[in-house]
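Trainee: Have a look at the structure that comes next, please.
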Amino acid sequence: MVHRTAGALATKLRPAIVVAEQPSGGQKADLASAVQGSLFSANVIAMPIRVPVRPPRAKAMTPASLAAAKPAARRAPRQAVEAQGQFEFFAPVQNKPKTLGTTVDGVIYCEAPVATPLHRSLAATIDLAMIFVAYGLFLLTFVLCRGEIAVTRQSLIVFGAMWGVIAATYGLFWTVAGTETVGMRATHLRLITFDGFTPEPRQRAARLVGTCLSFFSVLGILWSLADEEGLGWQDHISRTFPTAHELESRVFRRR
């Protein structure tokens with residue numbers, strides 16, 4: 001009578017241990033010539049060998065072929081090239097002189113107006129007053145030192161020369177200082193170059209020489225009345241001119 005079991009009560013298979021039989025006579029097996037069998041099946045698919053294909057060589061272009069290819073190249077549509085955007089800037093202002101009323105180019109490049117002759121005369125009058133005050137102090141010092149003022153030709157030459165020395169010293173002081181005189185400060189005038197910049201020391205020195213030349217010859221002062229831009233000899237020599245410090249501070253304006 002046979003009983004069937006299933007599930008956990010069924011007998012499990014157990015691996016059987018097989019012991020290789022030793023060769024008879026007590027000799028050991030020769031394993032030197034043993035070869036392992038193939039672990040995989042012999043069904044191997046052979047892949048076809050790919051031969052690299054070389055690109056065809058370019059044919060040498062003859063003059064006839066070049067002539068035939070040019071029309072085709074011309075008929076080819078042009079590709080649109082995207083260029084970088086450009087900003088629209090104003091054209092640079094050219095540094096050129098102003099045109100006067102007579103269509104003649106002026107010597108002044110900047111837009112600052114030249115002070116009127118009356119305005120400049122007022123500043124010059126104040127400076128002359130300062131020179132006469134300094135000359136009066138010189139005469140007072142001469143008298144206090146028990147000097148005698150005799151009205152003779154020699155004494156007049158000496159005292160006249162002293163007046164010129166004092167006037168030159170007054171102008172030289174402001175030239176070395178590199179600033180405007182008392183008269184120009186009182187009338188709100190400033191000295192600039194034809195380009196609109198602050199004058200250099202050599203330009204101030206040239207203006208001092210031109211002022212002395214214009215004053216002693218008188219022609220340099222009258223030249224400013226005939227000049228279309230109102231410039232005197234000292235202005236042309238030093239390439240500088242006086243102008244109002246601010247638009248609101250103009251004492252006299254041109255009509």
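Residue numbers start at 1 in each chain; chains themselves are named A, B, ... in the order of the structure tokens; ligands are numbered from 1 in the order shown.
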Name all residues at most 6 Å from region 121-133 of chain A (count only C-alpha atoms; drop same-chain ones fewer than 6 positions away) and give them as a compact mmCIF listing (two decimals) with C-alpha atoms, in the first residue's frame.
Mentor:
# COMPACT_ATOMS: atom_id res chain seq x y z
CA ALA A 167 52.66 148.41 -13.30
CA GLY A 183 39.70 144.17 -11.84
CA MET A 184 38.70 140.92 -13.54
Trainee: Per residue of region 202-240 of chain A within 12 Å of region 111-114 of chain A, note the shortest atom pair and the distance in Å to one decimal, counting only C-alpha atoms, and order the rows by chain and increasing residue number, as a tab-separated table.
Mentor:
residue	atom	partner	partner_atom	distance
A:Ser224	CA	A:Val114	CA	10.7
A:Asp227	CA	A:Val114	CA	11.5
A:Glu228	CA	A:Val114	CA	10.7
A:Glu229	CA	A:Val114	CA	7.2
A:Gly230	CA	A:Val114	CA	6.8
A:Leu231	CA	A:Val114	CA	7.8
A:Gly232	CA	A:Val114	CA	11.0
A:Asp235	CA	A:Val114	CA	10.4
A:Thr240	CA	A:Val114	CA	10.0
Trainee: Residues of the last selection are to be written out with N, CA and C atoms, as a compact mmCIF listing (two decimals), in the first residue's frame.
Mentor:
# COMPACT_ATOMS: atom_id res chain seq x y z
N SER A 224 41.04 146.07 -30.90
CA SER A 224 39.88 145.32 -30.41
C SER A 224 38.56 145.96 -30.84
N ASP A 227 38.31 144.75 -34.58
CA ASP A 227 38.26 143.30 -34.77
C ASP A 227 36.83 142.80 -34.69
N GLU A 228 36.47 141.86 -35.58
CA GLU A 228 35.09 141.37 -35.62
C GLU A 228 34.73 140.56 -34.38
N GLU A 229 35.72 139.92 -33.77
CA GLU A 229 35.47 139.15 -32.56
C GLU A 229 35.80 139.94 -31.29
N GLY A 230 36.25 141.19 -31.44
CA GLY A 230 36.55 142.02 -30.28
C GLY A 230 37.84 141.64 -29.58
N LEU A 231 38.83 141.14 -30.31
CA LEU A 231 40.09 140.71 -29.73
C LEU A 231 41.18 141.74 -29.99
N GLY A 232 42.02 141.98 -28.99
CA GLY A 232 43.15 142.89 -29.13
C GLY A 232 44.43 142.14 -29.42
N ASP A 235 45.27 139.45 -26.98
CA ASP A 235 44.45 138.24 -27.15
C ASP A 235 44.99 137.35 -28.27
N THR A 240 44.36 133.86 -25.89
CA THR A 240 43.44 133.85 -24.75
C THR A 240 42.54 135.07 -24.84
Trainee: Residues of region 216-246 of chain A that approach region 170-182 of chain A to 12 Å or less, counting only C-alpha atoms: could you list each one with the shortest pair of atoms and its distance in Å to one decimal, rows by chain and increasing residue number, as a tab-separated table?
Mentor:
residue	atom	partner	partner_atom	distance
A:Phe241	CA	A:Glu180	CA	11.7
A:Pro242	CA	A:Glu180	CA	9.6
A:Thr243	CA	A:Glu180	CA	11.5
A:His245	CA	A:Glu180	CA	11.1
Trainee: Take the residues from that selection and write them out as a JSON list (two decimals), in the first residue's frame, keeping C-alpha atoms.
Mentor:
[["chain", "number", "residue", "atom", "x", "y", "z"],
["A", 241, "PHE", "CA", 40.52, 136.19, -24.10],
["A", 242, "PRO", "CA", 38.39, 137.33, -21.15],
["A", 243, "THR", "CA", 34.81, 136.13, -20.86],
["A", 245, "HIS", "CA", 32.45, 133.82, -15.42]]
Trainee: Name the residues of region 166-208 of chain A that fall into alpha helix (DSSP H) according to DSSP on the backbone, using the chain letters and numbers of this document, as a list in words.
Mentor: Ile166, Ala167, Ala168, Thr169, Tyr170, Gly171, Leu172, Phe173, Trp174, Thr175, Val176, Ala177, Val182, Gly183, Met184, Arg185, Ala186, Pro201, Arg202, Gln203, Arg204, Ala205, Ala206, Arg207 and Leu208 of chain A
Trainee: For the residues selected in the previous step, produce a file with N, CA and C atoms as a PDB file, in the first residue's frame.
Mentor:
ATOM      1  N   ILE A 166      56.265 149.556 -11.422  1.00  0.00           N
ATOM      2  CA  ILE A 166      55.186 149.141 -10.514  1.00  0.00           C
ATOM      3  C   ILE A 166      54.060 148.467 -11.302  1.00  0.00           C
ATOM      4  N   ALA A 167      53.717 149.013 -12.472  1.00  0.00           N
ATOM      5  CA  ALA A 167      52.657 148.409 -13.296  1.00  0.00           C
ATOM      6  C   ALA A 167      53.074 147.018 -13.778  1.00  0.00           C
ATOM      7  N   ALA A 168      54.336 146.876 -14.202  1.00  0.00           N
ATOM      8  CA  ALA A 168      54.810 145.564 -14.653  1.00  0.00           C
ATOM      9  C   ALA A 168      54.848 144.564 -13.499  1.00  0.00           C
ATOM     10  N   THR A 169      55.227 145.061 -12.303  1.00  0.00           N
ATOM     11  CA  THR A 169      55.247 144.176 -11.138  1.00  0.00           C
ATOM     12  C   THR A 169      53.841 143.721 -10.771  1.00  0.00           C
ATOM     13  N   TYR A 170      52.870 144.628 -10.909  1.00  0.00           N
ATOM     14  CA  TYR A 170      51.480 144.260 -10.631  1.00  0.00           C
ATOM     15  C   TYR A 170      50.996 143.161 -11.573  1.00  0.00           C
ATOM     16  N   GLY A 171      51.269 143.308 -12.877  1.00  0.00           N
ATOM     17  CA  GLY A 171      50.854 142.288 -13.825  1.00  0.00           C
ATOM     18  C   GLY A 171      51.632 140.988 -13.662  1.00  0.00           C
ATOM     19  N   LEU A 172      52.939 141.108 -13.330  1.00  0.00           N
ATOM     20  CA  LEU A 172      53.753 139.902 -13.155  1.00  0.00           C
ATOM     21  C   LEU A 172      53.304 139.106 -11.934  1.00  0.00           C
ATOM     22  N   PHE A 173      52.834 139.794 -10.917  1.00  0.00           N
ATOM     23  CA  PHE A 173      52.376 139.092  -9.710  1.00  0.00           C
ATOM     24  C   PHE A 173      51.203 138.182 -10.032  1.00  0.00           C
ATOM     25  N   TRP A 174      50.203 138.665 -10.773  1.00  0.00           N
ATOM     26  CA  TRP A 174      49.038 137.840 -11.097  1.00  0.00           C
ATOM     27  C   TRP A 174      49.374 136.783 -12.153  1.00  0.00           C
ATOM     28  N   THR A 175      50.378 137.065 -12.982  1.00  0.00           N
ATOM     29  CA  THR A 175      50.794 136.051 -13.972  1.00  0.00           C
ATOM     30  C   THR A 175      51.443 134.863 -13.289  1.00  0.00           C
ATOM     31  N   VAL A 176      52.335 135.151 -12.328  1.00  0.00           N
ATOM     32  CA  VAL A 176      52.984 134.063 -11.601  1.00  0.00           C
ATOM     33  C   VAL A 176      51.967 133.314 -10.734  1.00  0.00           C
ATOM     34  N   ALA A 177      51.013 134.061 -10.154  1.00  0.00           N
ATOM     35  CA  ALA A 177      49.990 133.424  -9.323  1.00  0.00           C
ATOM     36  C   ALA A 177      49.052 132.546 -10.153  1.00  0.00           C
ATOM     37  N   VAL A 182      42.630 141.863  -9.902  1.00  0.00           N
ATOM     38  CA  VAL A 182      41.567 142.385  -9.040  1.00  0.00           C
ATOM     39  C   VAL A 182      40.423 142.932  -9.885  1.00  0.00           C
ATOM     40  N   GLY A 183      40.750 143.622 -10.980  1.00  0.00           N
ATOM     41  CA  GLY A 183      39.699 144.171 -11.838  1.00  0.00           C
ATOM     42  C   GLY A 183      38.851 143.085 -12.481  1.00  0.00           C
ATOM     43  N   MET A 184      39.462 142.009 -12.927  1.00  0.00           N
ATOM     44  CA  MET A 184      38.701 140.917 -13.537  1.00  0.00           C
ATOM     45  C   MET A 184      37.850 140.203 -12.504  1.00  0.00           C
ATOM     46  N   ARG A 185      38.377 140.068 -11.285  1.00  0.00           N
ATOM     47  CA  ARG A 185      37.577 139.437 -10.231  1.00  0.00           C
ATOM     48  C   ARG A 185      36.378 140.310  -9.855  1.00  0.00           C
ATOM     49  N   ALA A 186      36.582 141.624  -9.815  1.00  0.00           N
ATOM     50  CA  ALA A 186      35.501 142.525  -9.428  1.00  0.00           C
ATOM     51  C   ALA A 186      34.397 142.561 -10.473  1.00  0.00           C
ATOM     52  N   PRO A 201      50.881 128.650 -17.995  1.00  0.00           N
ATOM     53  CA  PRO A 201      51.768 129.748 -17.562  1.00  0.00           C
ATOM     54  C   PRO A 201      52.414 130.497 -18.718  1.00  0.00           C
ATOM     55  N   ARG A 202      52.828 129.777 -19.767  1.00  0.00           N
ATOM     56  CA  ARG A 202      53.468 130.464 -20.890  1.00  0.00           C
ATOM     57  C   ARG A 202      52.479 131.349 -21.633  1.00  0.00           C
ATOM     58  N   GLN A 203      51.207 130.966 -21.666  1.00  0.00           N
ATOM     59  CA  GLN A 203      50.197 131.807 -22.304  1.00  0.00           C
ATOM     60  C   GLN A 203      49.912 133.052 -21.470  1.00  0.00           C
ATOM     61  N   ARG A 204      49.940 132.916 -20.164  1.00  0.00           N
ATOM     62  CA  ARG A 204      49.759 134.090 -19.304  1.00  0.00           C
ATOM     63  C   ARG A 204      50.940 135.049 -19.446  1.00  0.00           C
ATOM     64  N   ALA A 205      52.145 134.483 -19.571  1.00  0.00           N
ATOM     65  CA  ALA A 205      53.319 135.346 -19.760  1.00  0.00           C
ATOM     66  C   ALA A 205      53.255 136.057 -21.109  1.00  0.00           C
ATOM     67  N   ALA A 206      52.818 135.349 -22.154  1.00  0.00           N
ATOM     68  CA  ALA A 206      52.679 135.983 -23.467  1.00  0.00           C
ATOM     69  C   ALA A 206      51.606 137.073 -23.439  1.00  0.00           C
ATOM     70  N   ARG A 207      50.571 136.872 -22.646  1.00  0.00           N
ATOM     71  CA  ARG A 207      49.519 137.899 -22.557  1.00  0.00           C
ATOM     72  C   ARG A 207      50.032 139.140 -21.842  1.00  0.00           C
ATOM     73  N   LEU A 208      50.884 138.951 -20.835  1.00  0.00           N
ATOM     74  CA  LEU A 208      51.456 140.108 -20.134  1.00  0.00           C
ATOM     75  C   LEU A 208      52.313 140.941 -21.079  1.00  0.00           C
TER      76      LEU A 208
END
Trainee: Any idea what the distance is between CA of Leu189 (chain A) and CA of Ala244 (chain A)?
Mentor: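 About the pair CA of Leu189 (chain A) and CA of Ala244 (chain A): they are 4.6 Å apart.
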Trainee: Kindly indicate which residue among A:Leu139, A:Leu225, A:Ala115, A:Ala134 lies nearest to His188 (chain A), using only C-alpha atoms for the distances.
Mentor: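 Looking at the shortest contact to His188 (chain A), the residue is A:Ala115.
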Trainee: By how many Å are CA of Tyr109 (chain A) and CA of Gly210 (chain A) apart?
Mentor: 21.0 Å
